[in-house]
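Worksheet for the structure shown next.
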Amino acid sequence: MQFFHGLQAHTVAILFACWTLIASAAFEISVHVFSNIEDQYGLSTRERIEDWQRLLNAPKSTPVNEKLQLVNSFFNQTRFIADIDHWGQEDYWATPIELLISNGGDCEDYSIAKYFALRELGIPDEQLRLTYVKALQLNQAHMVLAYYSSPNTEPLILDNLTMDIKAGSQREDLFPIYSFNGDGVWLSKEKGLNKRVGHSDRLNLWADLNSRMLKARQINL
């Protein structure tokens, strides 16, 4: 992890600690922490974290479609950087905080950050799935976030390749392979049809991501 080795563990831990409060209270980062962020990473990083704070404090009553658009647009502004160049690994799933502080990530990082942001904005886990697809025009594996208004409905797709949020049937350039969230893993037989095949903790990168987030929250501040 080339960049993360340079991150200040204390600052990252404070951000994680603040994040644990979101479910029960407003997400508020102290002026002191913001000053540390600016000193260590620059004004633009501070402003990015401030924007993230405002996003996560959007009213829970905000219409779902507006939440989807706000979150998709916010994270899509982040620079695309391949994992090998960014973290020195072929495949690394960054936490939202790593994505924001480094201002860079790839399709998995965008999708993961959007997933956690929407969870904090009150959208239930069962309505969200991180979805691996084949991007047909790019001829490569790709990850997007899918939102289901109800279990059997066609999902809306949040994708770093476009600011537009479209129904799955309108994304003929994507071929779904499998999807997952905090509860399970589903294999895609075809668009709109899938079969649950197990729990998401069987996915090593997902398990590692959640383990790193938990450990960061447990750092003694």
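Following the order of the structure tokens, first chain is A, next is B, and so on, with residues numbered from 1 inside each chain and ligands from 1 in the order they appear.
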May I have all residues of range 116-163 of chain A that DSSP, computed from the backbone, assigns to alpha helix (DSSP H), given as a list in words?
-> Phe116, Ala117, Leu118, Arg119 and Glu120 of chain A
Tell me, as a VMD selection string, which residues lie within 8 Å of range 39-44 of chain A, counting only C-alpha atoms; anything in the same chain fewer than 3 positions away does not count.
-> chain A and resid 8 35 to 36 47 to 48 101
Filtering to C-alpha atoms, could you give me those residues as a short mmCIF file (atom, residue, chain, number, x, y, z; two decimals), in the first residue's frame?
```cif
data_model
loop_
_atom_site.label_atom_id
_atom_site.label_comp_id
_atom_site.auth_asym_id
_atom_site.auth_seq_id
_atom_site.Cartn_x
_atom_site.Cartn_y
_atom_site.Cartn_z
CA GLN A 8 -0.97 9.45 9.63
CA SER A 35 -6.60 21.43 11.07
CA ASN A 36 -4.48 18.28 11.32
CA GLU A 47 -12.25 20.48 1.80
CA ARG A 48 -12.93 17.01 0.41
CA ILE A 101 -7.51 11.23 1.77
#
```
Quick one: pull the distance between CA of Met143 in chain A and CA of Arg46 in chain A, Å, one decimal.
-> 27.7 Å
As a VMD selection string, please: all residues of range 2-153 of chain A that backbone DSSP puts in strand (DSSP E or B).
-> chain A and resid 79 to 80 104 to 105 128 to 135 140 to 147
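Remark: for Phe75 in chain A, the closest of the candidate residues A:Tyr110, A:Tyr148, A:Tyr132, A:Tyr178 is A:Tyr110 (distances computed over only C-alpha atoms).
Shortest separation to Leu121 in chain A among A:Ala207, A:Ala146, A:Val64, A:Cys107 occurs at residue A:Val64, atoms counted being only C-alpha atoms.
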Shell of 10 Å around range 123-129 of chain A, only C-alpha atoms, local chain residues under 5 positions omitted, as a PyMOL selection string = chain A and resi 60+64+67-68+111-112+114-118+144-151+155-157+178-186
Residue subset to file, keeping N, CA and C atoms, as an mmCIF file, in the first residue's frame:
```cif
data_model
loop_
_atom_site.group_PDB
_atom_site.id
_atom_site.type_symbol
_atom_site.label_atom_id
_atom_site.label_comp_id
_atom_site.auth_asym_id
_atom_site.auth_seq_id
_atom_site.Cartn_x
_atom_site.Cartn_y
_atom_site.Cartn_z
ATOM 1 N N LYS A 60 -32.136 12.349 6.511
ATOM 2 C CA LYS A 60 -32.582 10.993 6.182
ATOM 3 C C LYS A 60 -33.847 11.030 5.332
ATOM 4 N N VAL A 64 -34.912 9.110 -2.067
ATOM 5 C CA VAL A 64 -33.894 8.113 -2.397
ATOM 6 C C VAL A 64 -33.165 8.451 -3.684
ATOM 7 N N LYS A 67 -30.580 10.962 -3.009
ATOM 8 C CA LYS A 67 -29.445 10.390 -2.289
ATOM 9 C C LYS A 67 -28.516 9.660 -3.257
ATOM 10 N N LEU A 68 -29.103 8.870 -4.144
ATOM 11 C CA LEU A 68 -28.299 8.125 -5.108
ATOM 12 C C LEU A 68 -27.474 9.067 -5.976
ATOM 13 N N SER A 111 -17.240 2.091 -5.732
ATOM 14 C CA SER A 111 -18.464 1.363 -5.410
ATOM 15 C C SER A 111 -18.593 1.129 -3.911
ATOM 16 N N ILE A 112 -17.476 0.769 -3.263
ATOM 17 C CA ILE A 112 -17.484 0.532 -1.822
ATOM 18 C C ILE A 112 -17.813 1.809 -1.062
ATOM 19 N N LYS A 114 -19.508 4.374 -2.124
ATOM 20 C CA LYS A 114 -20.917 4.697 -2.351
ATOM 21 C C LYS A 114 -21.815 3.807 -1.497
ATOM 22 N N TYR A 115 -21.466 2.536 -1.397
ATOM 23 C CA TYR A 115 -22.243 1.585 -0.593
ATOM 24 C C TYR A 115 -22.319 2.052 0.862
ATOM 25 N N PHE A 116 -21.162 2.354 1.468
ATOM 26 C CA PHE A 116 -21.162 2.755 2.873
ATOM 27 C C PHE A 116 -21.839 4.101 3.084
ATOM 28 N N ALA A 117 -21.687 5.034 2.144
ATOM 29 C CA ALA A 117 -22.347 6.329 2.270
ATOM 30 C C ALA A 117 -23.863 6.169 2.252
ATOM 31 N N LEU A 118 -24.376 5.367 1.343
ATOM 32 C CA LEU A 118 -25.824 5.163 1.262
ATOM 33 C C LEU A 118 -26.345 4.418 2.474
ATOM 34 N N VAL A 144 -19.708 -2.065 -10.045
ATOM 35 C CA VAL A 144 -20.668 -0.980 -9.896
ATOM 36 C C VAL A 144 -21.462 -1.240 -8.618
ATOM 37 N N LEU A 145 -22.262 -0.257 -8.225
ATOM 38 C CA LEU A 145 -23.181 -0.434 -7.101
ATOM 39 C C LEU A 145 -24.599 -0.450 -7.641
ATOM 40 N N ALA A 146 -25.366 -1.462 -7.243
ATOM 41 C CA ALA A 146 -26.750 -1.593 -7.690
ATOM 42 C C ALA A 146 -27.698 -1.287 -6.536
ATOM 43 N N TYR A 147 -28.740 -0.521 -6.829
ATOM 44 C CA TYR A 147 -29.776 -0.204 -5.842
ATOM 45 C C TYR A 147 -31.085 -0.849 -6.270
ATOM 46 N N TYR A 148 -31.703 -1.618 -5.364
ATOM 47 C CA TYR A 148 -32.976 -2.285 -5.615
ATOM 48 C C TYR A 148 -34.051 -1.653 -4.732
ATOM 49 N N SER A 149 -35.074 -1.074 -5.337
ATOM 50 C CA SER A 149 -36.155 -0.487 -4.531
ATOM 51 C C SER A 149 -36.930 -1.561 -3.780
ATOM 52 N N SER A 150 -36.980 -2.777 -4.342
ATOM 53 C CA SER A 150 -37.555 -3.945 -3.672
ATOM 54 C C SER A 150 -36.865 -5.176 -4.267
ATOM 55 N N PRO A 151 -36.944 -6.330 -3.591
ATOM 56 C CA PRO A 151 -36.131 -7.489 -3.987
ATOM 57 C C PRO A 151 -36.237 -7.914 -5.443
ATOM 58 N N PRO A 155 -32.631 -3.203 -10.852
ATOM 59 C CA PRO A 155 -31.807 -2.262 -10.086
ATOM 60 C C PRO A 155 -31.437 -1.018 -10.882
ATOM 61 N N LEU A 156 -31.124 0.035 -10.138
ATOM 62 C CA LEU A 156 -30.489 1.218 -10.699
ATOM 63 C C LEU A 156 -28.988 1.072 -10.490
ATOM 64 N N ILE A 157 -28.207 1.519 -11.463
ATOM 65 C CA ILE A 157 -26.760 1.281 -11.447
ATOM 66 C C ILE A 157 -25.997 2.584 -11.203
ATOM 67 N N TYR A 178 -21.489 -11.455 -10.601
ATOM 68 C CA TYR A 178 -21.987 -11.761 -9.261
ATOM 69 C C TYR A 178 -22.104 -10.475 -8.462
ATOM 70 N N SER A 179 -22.860 -10.526 -7.366
ATOM 71 C CA SER A 179 -23.060 -9.358 -6.527
ATOM 72 C C SER A 179 -23.019 -9.767 -5.062
ATOM 73 N N PHE A 180 -22.807 -8.787 -4.192
ATOM 74 C CA PHE A 180 -22.739 -9.077 -2.766
ATOM 75 C C PHE A 180 -23.014 -7.816 -1.966
ATOM 76 N N ASN A 181 -23.331 -8.016 -0.697
ATOM 77 C CA ASN A 181 -23.430 -6.924 0.269
ATOM 78 C C ASN A 181 -23.000 -7.474 1.625
ATOM 79 N N GLY A 182 -23.382 -6.829 2.711
ATOM 80 C CA GLY A 182 -22.968 -7.297 4.017
ATOM 81 C C GLY A 182 -23.591 -8.603 4.430
ATOM 82 N N ASP A 183 -24.597 -9.045 3.687
ATOM 83 C CA ASP A 183 -25.345 -10.242 4.076
ATOM 84 C C ASP A 183 -25.008 -11.477 3.247
ATOM 85 N N GLY A 184 -24.789 -11.317 1.941
ATOM 86 C CA GLY A 184 -24.614 -12.505 1.123
ATOM 87 C C GLY A 184 -23.975 -12.247 -0.218
ATOM 88 N N VAL A 185 -23.864 -13.340 -0.998
ATOM 89 C CA VAL A 185 -23.306 -13.309 -2.349
ATOM 90 C C VAL A 185 -24.322 -13.943 -3.289
ATOM 91 N N TRP A 186 -24.500 -13.340 -4.451
ATOM 92 C CA TRP A 186 -25.447 -13.837 -5.442
ATOM 93 C C TRP A 186 -24.734 -14.023 -6.783
#
```
Excluding Leu99 in chain A and residues on its chain fewer than 3 positions from it, collect all residues at most 9 Å away from it, counting only C-alpha atoms, and give them as a ChimeraX atom specification.
-> /A:78,94-96,102-105,109-110,113
Writing out the chosen residues with N, CA and C atoms as a PDB file, in the first residue's frame:
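Wrote it out as part_27.pdb, contents follow:
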```pdb
ATOM      1  N   THR A  78     -13.551  11.762  -7.741  1.00  0.00           N
ATOM      2  CA  THR A  78     -12.237  11.273  -7.326  1.00  0.00           C
ATOM      3  C   THR A  78     -11.458  10.760  -8.534  1.00  0.00           C
ATOM      4  N   ALA A  94      -9.873  -0.279  -1.057  1.00  0.00           N
ATOM      5  CA  ALA A  94      -9.635   0.802  -0.116  1.00  0.00           C
ATOM      6  C   ALA A  94     -10.901   1.116   0.678  1.00  0.00           C
ATOM      7  N   THR A  95     -10.689   1.590   1.905  1.00  0.00           N
ATOM      8  CA  THR A  95     -11.795   2.102   2.693  1.00  0.00           C
ATOM      9  C   THR A  95     -12.192   3.466   2.128  1.00  0.00           C
ATOM     10  N   PRO A  96     -13.400   3.936   2.425  1.00  0.00           N
ATOM     11  CA  PRO A  96     -13.782   5.283   1.962  1.00  0.00           C
ATOM     12  C   PRO A  96     -12.819   6.365   2.419  1.00  0.00           C
ATOM     13  N   SER A 102      -6.476  10.055  -0.091  1.00  0.00           N
ATOM     14  CA  SER A 102      -5.543   9.930  -1.213  1.00  0.00           C
ATOM     15  C   SER A 102      -6.092  10.531  -2.500  1.00  0.00           C
ATOM     16  N   ASN A 103      -7.405  10.819  -2.506  1.00  0.00           N
ATOM     17  CA  ASN A 103      -8.080  11.364  -3.693  1.00  0.00           C
ATOM     18  C   ASN A 103      -7.825  10.504  -4.918  1.00  0.00           C
ATOM     19  N   GLY A 104      -7.921   9.182  -4.722  1.00  0.00           N
ATOM     20  CA  GLY A 104      -7.721   8.284  -5.844  1.00  0.00           C
ATOM     21  C   GLY A 104      -8.220   6.895  -5.534  1.00  0.00           C
ATOM     22  N   GLY A 105      -8.656   6.198  -6.576  1.00  0.00           N
ATOM     23  CA  GLY A 105      -9.111   4.832  -6.413  1.00  0.00           C
ATOM     24  C   GLY A 105      -9.534   4.256  -7.737  1.00  0.00           C
ATOM     25  N   ASP A 109     -13.163   0.750  -5.349  1.00  0.00           N
ATOM     26  CA  ASP A 109     -13.112   1.758  -4.293  1.00  0.00           C
ATOM     27  C   ASP A 109     -14.286   2.729  -4.392  1.00  0.00           C
ATOM     28  N   TYR A 110     -14.615   3.161  -5.613  1.00  0.00           N
ATOM     29  CA  TYR A 110     -15.781   4.029  -5.801  1.00  0.00           C
ATOM     30  C   TYR A 110     -17.047   3.328  -5.303  1.00  0.00           C
ATOM     31  N   ALA A 113     -17.210   2.923  -1.459  1.00  0.00           N
ATOM     32  CA  ALA A 113     -17.481   4.200  -0.789  1.00  0.00           C
ATOM     33  C   ALA A 113     -18.944   4.597  -0.945  1.00  0.00           C
TER      34      ALA A 113
END
```
I'd like the contact shell of Arg171 in chain A - 12 Å cut-off, only C-alpha atoms, skipping same-chain residues fewer than 4 positions apart - returned as a PDB file with N, CA and C atoms, in the first residue's frame.
```
ATOM      1  N   VAL A 133     -19.204  -6.923 -12.815  1.00  0.00           N
ATOM      2  CA  VAL A 133     -19.716  -7.054 -14.175  1.00  0.00           C
ATOM      3  C   VAL A 133     -18.533  -7.151 -15.129  1.00  0.00           C
ATOM      4  N   LYS A 134     -18.826  -7.494 -16.359  1.00  0.00           N
ATOM      5  CA  LYS A 134     -17.843  -7.323 -17.417  1.00  0.00           C
ATOM      6  C   LYS A 134     -18.255  -6.094 -18.204  1.00  0.00           C
ATOM      7  N   ALA A 135     -17.365  -5.107 -18.276  1.00  0.00           N
ATOM      8  CA  ALA A 135     -17.623  -3.923 -19.087  1.00  0.00           C
ATOM      9  C   ALA A 135     -17.294  -4.283 -20.535  1.00  0.00           C
ATOM     10  N   LEU A 136     -18.323  -4.479 -21.323  1.00  0.00           N
ATOM     11  CA  LEU A 136     -18.143  -5.054 -22.653  1.00  0.00           C
ATOM     12  C   LEU A 136     -17.328  -4.162 -23.580  1.00  0.00           C
ATOM     13  N   GLN A 137     -17.559  -2.856 -23.515  1.00  0.00           N
ATOM     14  CA  GLN A 137     -16.818  -1.961 -24.401  1.00  0.00           C
ATOM     15  C   GLN A 137     -15.345  -1.870 -24.016  1.00  0.00           C
ATOM     16  N   VAL A 144     -19.708  -2.065 -10.045  1.00  0.00           N
ATOM     17  CA  VAL A 144     -20.668  -0.980  -9.896  1.00  0.00           C
ATOM     18  C   VAL A 144     -21.462  -1.240  -8.618  1.00  0.00           C
ATOM     19  N   ALA A 146     -25.366  -1.462  -7.243  1.00  0.00           N
ATOM     20  CA  ALA A 146     -26.750  -1.593  -7.690  1.00  0.00           C
ATOM     21  C   ALA A 146     -27.698  -1.287  -6.536  1.00  0.00           C
ATOM     22  N   GLU A 154     -35.991  -4.243 -10.963  1.00  0.00           N
ATOM     23  CA  GLU A 154     -34.773  -4.008 -11.724  1.00  0.00           C
ATOM     24  C   GLU A 154     -33.921  -2.971 -10.990  1.00  0.00           C
ATOM     25  N   PRO A 155     -32.631  -3.203 -10.852  1.00  0.00           N
ATOM     26  CA  PRO A 155     -31.807  -2.262 -10.086  1.00  0.00           C
ATOM     27  C   PRO A 155     -31.437  -1.018 -10.882  1.00  0.00           C
ATOM     28  N   LEU A 156     -31.124   0.035 -10.138  1.00  0.00           N
ATOM     29  CA  LEU A 156     -30.489   1.218 -10.699  1.00  0.00           C
ATOM     30  C   LEU A 156     -28.988   1.072 -10.490  1.00  0.00           C
ATOM     31  N   ILE A 157     -28.207   1.519 -11.463  1.00  0.00           N
ATOM     32  CA  ILE A 157     -26.760   1.281 -11.447  1.00  0.00           C
ATOM     33  C   ILE A 157     -25.997   2.584 -11.203  1.00  0.00           C
ATOM     34  N   LEU A 158     -25.177   2.582 -10.147  1.00  0.00           N
ATOM     35  CA  LEU A 158     -24.276   3.697  -9.857  1.00  0.00           C
ATOM     36  C   LEU A 158     -22.883   3.275 -10.330  1.00  0.00           C
ATOM     37  N   ASP A 159     -22.295   4.062 -11.224  1.00  0.00           N
ATOM     38  CA  ASP A 159     -21.092   3.642 -11.931  1.00  0.00           C
ATOM     39  C   ASP A 159     -20.126   4.814 -12.029  1.00  0.00           C
ATOM     40  N   LEU A 161     -18.081   5.263 -14.298  1.00  0.00           N
ATOM     41  CA  LEU A 161     -17.874   5.587 -15.711  1.00  0.00           C
ATOM     42  C   LEU A 161     -18.840   6.648 -16.216  1.00  0.00           C
ATOM     43  N   THR A 162     -19.891   6.934 -15.437  1.00  0.00           N
ATOM     44  CA  THR A 162     -20.882   7.908 -15.865  1.00  0.00           C
ATOM     45  C   THR A 162     -21.566   8.537 -14.669  1.00  0.00           C
ATOM     46  N   ASP A 164     -24.621   9.505 -14.953  1.00  0.00           N
ATOM     47  CA  ASP A 164     -26.017   9.118 -15.131  1.00  0.00           C
ATOM     48  C   ASP A 164     -26.312   7.813 -14.403  1.00  0.00           C
ATOM     49  N   ILE A 165     -27.423   7.777 -13.686  1.00  0.00           N
ATOM     50  CA  ILE A 165     -27.869   6.563 -13.011  1.00  0.00           C
ATOM     51  C   ILE A 165     -28.994   5.965 -13.842  1.00  0.00           C
ATOM     52  N   LYS A 166     -28.755   4.765 -14.359  1.00  0.00           N
ATOM     53  CA  LYS A 166     -29.721   4.139 -15.258  1.00  0.00           C
ATOM     54  C   LYS A 166     -30.129   2.769 -14.736  1.00  0.00           C
ATOM     55  N   ALA A 167     -31.284   2.303 -15.217  1.00  0.00           N
ATOM     56  CA  ALA A 167     -31.733   0.955 -14.877  1.00  0.00           C
ATOM     57  C   ALA A 167     -30.794  -0.065 -15.510  1.00  0.00           C
ATOM     58  N   PHE A 175     -22.236  -6.700 -18.385  1.00  0.00           N
ATOM     59  CA  PHE A 175     -22.738  -8.068 -18.238  1.00  0.00           C
ATOM     60  C   PHE A 175     -22.503  -8.508 -16.795  1.00  0.00           C
ATOM     61  N   PRO A 176     -23.574  -8.682 -15.991  1.00  0.00           N
ATOM     62  CA  PRO A 176     -23.401  -9.010 -14.566  1.00  0.00           C
ATOM     63  C   PRO A 176     -22.852 -10.408 -14.346  1.00  0.00           C
ATOM     64  N   LYS A 191     -29.663 -10.793 -16.374  1.00  0.00           N
ATOM     65  CA  LYS A 191     -30.090  -9.550 -15.739  1.00  0.00           C
ATOM     66  C   LYS A 191     -31.442  -9.740 -15.055  1.00  0.00           C
TER      67      LYS A 191
END
```
What is the distance, in Å and to one decimal place, between CA of Asp106 in chain A and CA of Ser30 in chain A?
->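 Interatomic distance, CA of Asp106 in chain A to CA of Ser30 in chain A: 29.2 Å.
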